[in-house]
>>> print(open('entry_22.cif').read())   # mmCIF, C-alpha atoms
data_input
#
loop_
_atom_site.label_atom_id
_atom_site.label_comp_id
_atom_site.auth_asym_id
_atom_site.auth_seq_id
_atom_site.Cartn_x
_atom_site.Cartn_y
_atom_site.Cartn_z
CA MET A 37 -37.24 78.11 9.70
CA ALA A 38 -36.51 75.97 12.74
CA SER A 39 -37.45 77.55 16.04
CA ARG A 40 -34.63 78.57 18.31
CA LEU A 41 -34.01 76.67 21.52
CA PHE A 42 -32.88 79.79 23.38
CA VAL A 43 -34.06 83.35 22.88
CA ARG A 44 -32.74 86.53 24.49
CA ARG A 45 -35.65 88.56 25.88
CA ARG A 46 -35.73 92.35 26.07
CA ASP A 47 -35.23 92.26 29.83
CA GLY A 48 -31.89 90.47 29.32
CA ARG A 49 -33.01 87.02 30.40
CA VAL A 50 -32.58 83.98 28.19
CA GLU A 51 -35.80 82.11 27.50
CA VAL A 52 -35.41 78.33 27.32
CA ARG A 53 -37.69 76.85 24.64
CA VAL A 54 -36.54 73.27 25.08
CA ASN A 55 -39.19 70.58 25.42
CA ASP A 56 -39.26 67.93 28.15
CA ALA A 57 -37.23 65.42 26.16
CA GLY A 58 -34.58 68.04 25.50
CA ARG A 59 -34.50 69.03 29.15
CA ASP A 60 -33.97 65.40 30.09
CA ILE A 61 -30.95 65.30 27.81
CA LEU A 62 -29.60 68.53 29.28
CA ARG A 63 -30.15 67.28 32.83
CA GLU A 64 -28.30 64.07 32.04
CA VAL A 65 -25.36 66.02 30.61
CA PHE A 66 -25.19 68.32 33.65
CA VAL A 67 -25.37 65.34 36.04
CA HIS A 68 -22.47 63.71 34.20
CA VAL A 69 -20.27 66.78 34.59
CA VAL A 70 -21.06 67.07 38.31
CA ALA A 71 -20.26 63.37 38.75
CA ALA A 72 -17.08 63.56 36.65
CA GLU A 73 -15.70 66.39 38.74
CA ARG A 74 -16.32 64.48 41.99
CA ASP A 75 -15.52 60.93 40.93
CA GLY A 76 -11.96 60.12 39.89
CA GLU A 77 -13.18 56.92 38.25
CA HIS A 78 -15.66 58.68 35.97
CA GLU A 79 -14.74 58.33 32.28
CA TRP A 80 -14.84 62.12 31.82
CA HIS A 81 -12.70 62.87 34.88
CA LEU A 82 -9.34 62.99 33.11
CA SER A 83 -10.55 65.30 30.38
CA LEU A 84 -11.60 67.76 33.08
CA HIS A 85 -8.05 67.80 34.42
CA SER A 86 -5.93 68.59 31.39
CA PRO A 87 -2.54 70.24 32.02
CA ILE A 88 -2.30 74.01 32.40
CA ASN A 89 1.44 74.23 31.77
CA PRO A 90 2.45 71.01 29.95
CA SER A 91 6.18 71.79 30.33
CA ASN A 92 5.87 71.35 34.11
CA ASP A 93 5.47 67.97 35.80
CA ASP A 94 2.77 69.39 38.04
CA ASP A 95 0.46 72.37 37.80
CA ASP A 96 0.03 74.93 40.55
CA PRO A 97 -2.39 73.30 43.05
CA LEU A 98 -4.22 76.59 43.55
CA SER A 99 -4.92 76.82 39.81
CA THR A 100 -6.17 73.25 39.58
CA LEU A 101 -8.31 73.75 42.69
CA ALA A 102 -9.82 76.91 41.20
CA ARG A 103 -10.62 75.05 37.99
CA GLN A 104 -12.20 72.15 39.87
CA HIS A 105 -14.29 74.53 41.97
CA GLU A 106 -15.49 76.60 38.99
CA ILE A 107 -16.39 73.61 36.81
CA ALA A 108 -18.31 72.04 39.69
CA THR A 109 -20.07 75.31 40.55
CA ASN A 110 -21.15 75.87 36.94
CA ALA A 111 -22.38 72.29 36.58
CA GLU A 112 -24.32 72.42 39.85
CA LEU A 113 -25.91 75.75 38.91
CA ALA A 114 -26.83 74.38 35.48
CA LEU A 115 -28.36 71.31 37.09
CA MET A 116 -30.33 73.36 39.63
CA THR A 117 -31.76 75.56 36.87
CA SER A 118 -32.37 72.80 34.31
CA GLY A 119 -36.14 73.13 34.74
CA GLU A 120 -36.29 76.93 34.53
CA GLN A 121 -38.04 78.75 31.70
CA TYR A 122 -35.84 81.84 32.01
CA LEU A 123 -32.12 82.08 32.79
CA ASN A 124 -30.19 85.10 33.95
CA GLU A 125 -26.75 85.87 32.51
CA ALA A 126 -24.81 83.81 35.10
CA GLU A 127 -27.10 80.82 34.71
CA ALA A 128 -26.93 80.94 30.91
CA TRP A 129 -23.13 81.13 31.12
CA ALA A 130 -23.11 78.12 33.47
CA TRP A 131 -25.20 76.16 30.95
CA LEU A 132 -22.90 77.10 28.07
CA SER A 133 -19.70 76.26 29.99
CA THR A 134 -21.04 72.97 31.28
CA LEU A 135 -22.35 71.89 27.86
CA GLN A 136 -19.00 72.76 26.29
CA VAL A 137 -17.10 70.84 29.00
CA ALA A 138 -19.36 67.85 28.31
CA LEU A 139 -18.86 68.15 24.56
CA ARG A 140 -15.09 68.12 24.82
CA ALA A 141 -15.13 65.31 27.37
CA THR A 142 -17.30 63.20 25.05
CA ALA A 143 -14.89 63.82 22.18
CA VAL A 144 -11.78 63.06 24.26
CA VAL A 145 -13.23 59.85 25.72
CA HIS A 146 -13.95 58.58 22.20
CA GLY A 147 -10.55 59.65 20.88
CA ILE A 148 -12.08 62.25 18.57
CA LEU A 149 -9.12 64.58 18.24
CA SER A 150 -9.29 65.28 14.49
CA ASP A 151 -11.88 65.90 11.80
CA GLU A 152 -11.14 62.48 10.32
CA ARG A 153 -11.87 60.75 13.62
CA LEU A 154 -15.08 62.71 13.97
CA GLU A 155 -16.26 61.61 10.52
CA SER A 156 -15.51 57.96 11.26
CA CYS A 157 -16.92 57.76 14.80
CA PRO A 158 -19.90 55.49 15.56
CA PRO A 159 -23.32 56.98 14.67
CA GLU A 160 -24.54 57.00 18.27
CA VAL A 161 -21.49 59.00 19.37
CA LEU A 162 -21.89 61.40 16.46
CA GLU A 163 -25.54 61.90 17.40
CA GLU A 164 -24.57 62.59 21.01
CA ILE A 165 -22.02 65.19 19.88
CA GLN A 166 -24.38 66.84 17.40
CA THR A 167 -27.12 67.08 20.02
CA ILE A 168 -24.84 68.95 22.41
CA GLN A 169 -23.56 71.11 19.55
CA HIS A 170 -27.13 72.05 18.66
CA PHE A 171 -27.78 73.33 22.18
CA LEU A 172 -24.47 75.20 22.13
CA PHE A 173 -25.08 76.87 18.74
CA ASP A 174 -28.38 78.30 19.88
CA LEU A 175 -27.22 79.31 23.34
CA ALA A 176 -24.03 80.98 22.03
CA ALA A 177 -26.14 82.95 19.56
CA CYS A 178 -27.90 84.80 22.39
CA LEU A 179 -24.95 85.38 24.72
CA MET B 215 26.34 128.74 54.11
CA ALA B 216 25.03 125.18 54.12
CA SER B 217 25.62 123.17 51.05
CA VAL B 218 22.56 122.27 49.04
CA THR B 219 22.08 118.66 48.13
CA PRO B 220 20.43 118.31 44.76
CA LEU B 221 17.11 116.62 44.98
CA ARG B 222 17.63 114.79 41.76
CA LEU B 223 20.78 113.67 40.08
CA ALA B 224 20.90 113.56 36.36
CA SER B 225 21.28 110.04 35.09
CA THR B 226 23.86 109.35 32.52
CA GLU B 227 24.23 106.32 30.32
CA GLY B 228 27.28 105.38 32.35
CA ASP B 229 25.35 105.41 35.63
CA VAL B 230 22.68 103.15 34.25
CA GLN B 231 25.12 100.70 32.77
CA SER B 232 27.20 100.41 35.91
CA ASP B 233 24.46 100.40 38.55
CA VAL B 234 21.48 98.62 37.17
CA SER B 235 21.15 95.11 35.94
CA VAL B 236 18.00 94.92 33.89
CA LEU B 237 16.37 91.54 33.77
CA THR B 238 13.71 91.09 31.14
CA GLU B 239 11.55 88.02 31.62
CA ARG B 240 10.00 86.44 28.59
CA PRO B 241 6.21 86.73 28.69
CA TRP B 242 3.89 83.81 29.16
CA ASN B 243 1.43 83.01 26.41
CA VAL B 244 -2.05 81.60 26.75
CA VAL B 245 -2.55 79.22 23.84
CA VAL B 246 -5.91 77.90 22.65
CA TRP B 247 -5.84 74.71 20.59
CA ASN B 248 -8.15 73.59 17.83
CA ASP B 249 -10.48 70.64 18.32
CA PRO B 250 -12.96 69.07 15.89
CA VAL B 251 -16.12 69.46 17.95
CA THR B 252 -16.25 72.93 19.52
CA PRO B 253 -18.61 75.27 17.62
CA MET B 254 -16.92 78.44 16.32
CA ALA B 255 -19.64 80.62 17.84
CA VAL B 256 -18.85 79.23 21.29
CA VAL B 257 -15.17 80.11 20.94
CA VAL B 258 -16.05 83.71 20.01
CA VAL B 259 -18.44 84.05 22.95
CA VAL B 260 -15.88 82.66 25.39
CA PHE B 261 -13.09 84.96 24.16
CA ARG B 262 -15.39 87.99 24.39
CA ARG B 263 -16.52 87.14 27.90
CA ILE B 264 -13.12 86.25 29.36
CA PHE B 265 -10.89 88.84 27.68
CA GLY B 266 -13.43 91.52 26.73
CA TYR B 267 -12.03 91.67 23.19
CA SER B 268 -14.05 93.14 20.31
CA ASN B 269 -16.10 90.84 18.14
CA ASN B 270 -13.64 91.33 15.27
CA LYS B 271 -10.66 90.36 17.40
CA CYS B 272 -12.48 87.34 18.85
CA THR B 273 -13.45 86.17 15.37
CA HIS B 274 -9.90 86.68 14.10
CA LEU B 275 -8.46 84.65 16.99
CA MET B 276 -11.07 81.92 16.52
CA LEU B 277 -10.21 81.64 12.82
CA THR B 278 -6.50 81.49 13.65
CA VAL B 279 -7.22 78.57 16.00
CA HIS B 280 -9.32 76.92 13.31
CA HIS B 281 -6.85 77.30 10.44
CA GLU B 282 -3.50 77.08 12.21
CA GLY B 283 -4.40 74.66 14.96
CA ARG B 284 -3.61 77.10 17.76
CA ALA B 285 -3.55 80.78 18.60
CA ILE B 286 -1.91 82.89 21.30
CA VAL B 287 -4.84 84.71 22.83
CA TRP B 288 -3.07 86.59 25.63
CA SER B 289 0.54 87.29 26.73
CA GLY B 290 1.94 88.67 29.95
CA GLN B 291 2.68 87.71 33.53
CA ARG B 292 2.73 84.04 34.40
CA GLU B 293 0.11 84.22 37.16
CA ARG B 294 -2.37 86.05 34.97
CA ALA B 295 -1.68 83.70 32.07
CA GLU B 296 -2.46 80.70 34.29
CA SER B 297 -5.59 82.39 35.59
CA TYR B 298 -6.85 83.05 32.05
CA CYS B 299 -5.95 79.50 31.05
CA VAL B 300 -8.05 78.13 33.91
CA LYS B 301 -10.99 80.32 32.88
CA LEU B 302 -10.75 79.01 29.31
CA GLN B 303 -10.59 75.41 30.54
CA VAL B 304 -13.58 76.01 32.82
CA ALA B 305 -15.43 77.19 29.71
CA GLY B 306 -14.50 73.91 28.03
CA LEU B 307 -11.81 75.09 25.62
CA GLN B 308 -8.47 73.33 25.24
CA ALA B 309 -5.95 75.85 26.55
CA THR B 310 -2.41 75.79 27.93
CA VAL B 311 0.27 78.27 28.98
CA GLU B 312 3.81 78.42 27.63
CA GLN B 313 6.70 80.80 28.00
CA ASP B 314 7.44 82.88 24.92
CA ALA B 315 10.25 81.36 22.88
#
>>> encode(input="entry_22.cif", output="structure tokens")
Amino acid sequence: MASRLFVRRRDGRVEVRVNDAGRDILREVFVHVVAAERDGEHEWHLSLHSPINPSNDDDDPLSTLARQHEIATNAELALMTSGEQYLNEAEAWAWLSTLQVALRATAVVHGILSDERLESCPPEVLEEIQTIQHFLFDLAACL
Amino acid sequence: MASVTPLRLASTEGDVQSDVSVLTERPWNVVVWNDPVTPMAVVVVVFRRIFGYSNNKCTHLMLTVHHEGRAIVWSGQRERAESYCVKLQVAGLQATVEQDA
């Protein structure tokens, strides 16, 4: 049986059992989300700003500002704690949210909007997606 | 002897019909859309955390998204719908709001 990457301890904390190579991947993902939220030219930027109410020309600025703030806060917290061995609930949630934001952004950037497109995407993109999914499966299992 | 004003007047159907114009606004729905990459377990965790639904309800909603392409996960006031939609988007799910048809 493969060992789990994240384990919920009896004191409520989430133990991170990811090796250095895995942490490097996580750190890179978190850095990308932080950069995408700040930089309008980043390839992930648009996917982080999808419409809230598509029937309106513009969304409520307060809602979009709240989204921007929360995504950035989660990504920065995830980045700051990327070397930690134990995560509290808020930190684990920040990791999960940021990984999921990165996963969707990766899919959107590569036009992967259907199962068929996922099956026919380049191997390196599929590997990138499956790596993030692996982290997410294990983290979701202990939240 | 002073006249006594009744504290409460009985309402009749006629009073209501003539005096009150009842406006019922259609509720706003929070819709979550299917995508080919998001793990099912993540969707369940996000629904449970944001809405506080039971595991069964979260799983049912997740499967509705998976099989039907979308699911209405919450309905009500517009401001709250937008707030929930933002929380779902912050958690990386594809979500929108729409007024009930």
>>> residues_near_point(input="entry_22.cif", point="(-38.2, 69.8, 31.9)", cutoff="10 Å", atoms="all atoms listed in the file", output="list in words")
Val54, Asn55, Asp56, Ala57, Gly58, Arg59, Asp60, Ile61, Leu62, Arg63, Thr117, Ser118, Gly119, Glu120 and Gln121 of chain A
>>> resolve_selection(input="entry_22.cif", expression="the PyMOL selection byres ((chain A) within 6 of (chain B))", output="JSON, numbers by chain")
{"A": [88, 89, 103, 107, 133, 136, 137, 150, 151, 176]}
>>> residues_around(input="entry_22.cif", residues="Ile148 of chain A", least_positions_apart="5", cutoff="8 Å", atoms="all atoms listed in the file", output="list in words")
Ala143, Arg153, Leu154 and Cys157 of chain A; Pro250 of chain B
>>> residues_around(input="entry_22.cif", residues="Gly290 of chain B", least_positions_apart="5", cutoff="8 Å", atoms="all atoms listed in the file", output="ChimeraX atom specification")
/B:241-243,295
>>> closest_residue(input="entry_22.cif", among="A:Val145, A:Leu175, A:Ala128, A:Leu162", to="His78 of chain A", atoms="only C-alpha atoms")
A:Val145
>>> residues_around(input="entry_22.cif", residues="Leu123 of chain A", least_positions_apart="2", cutoff="12 Å", atoms="all atoms listed in the file", output="PyMOL selection string")
chain A and resi 42-45+47-53+113-114+116-121+125-132+175+178-179
>>> atom_distance(input="entry_22.cif", atom1="atom CA of Tyr298 of chain B", atom2="atom CA of His146 of chain A")
27.3 Å
>>> closest_residue(input="entry_22.cif", among="A:Glu64, A:Tyr122, A:Glu163, A:His85", to="Pro97 of chain A", atoms="only C-alpha atoms")
A:His85
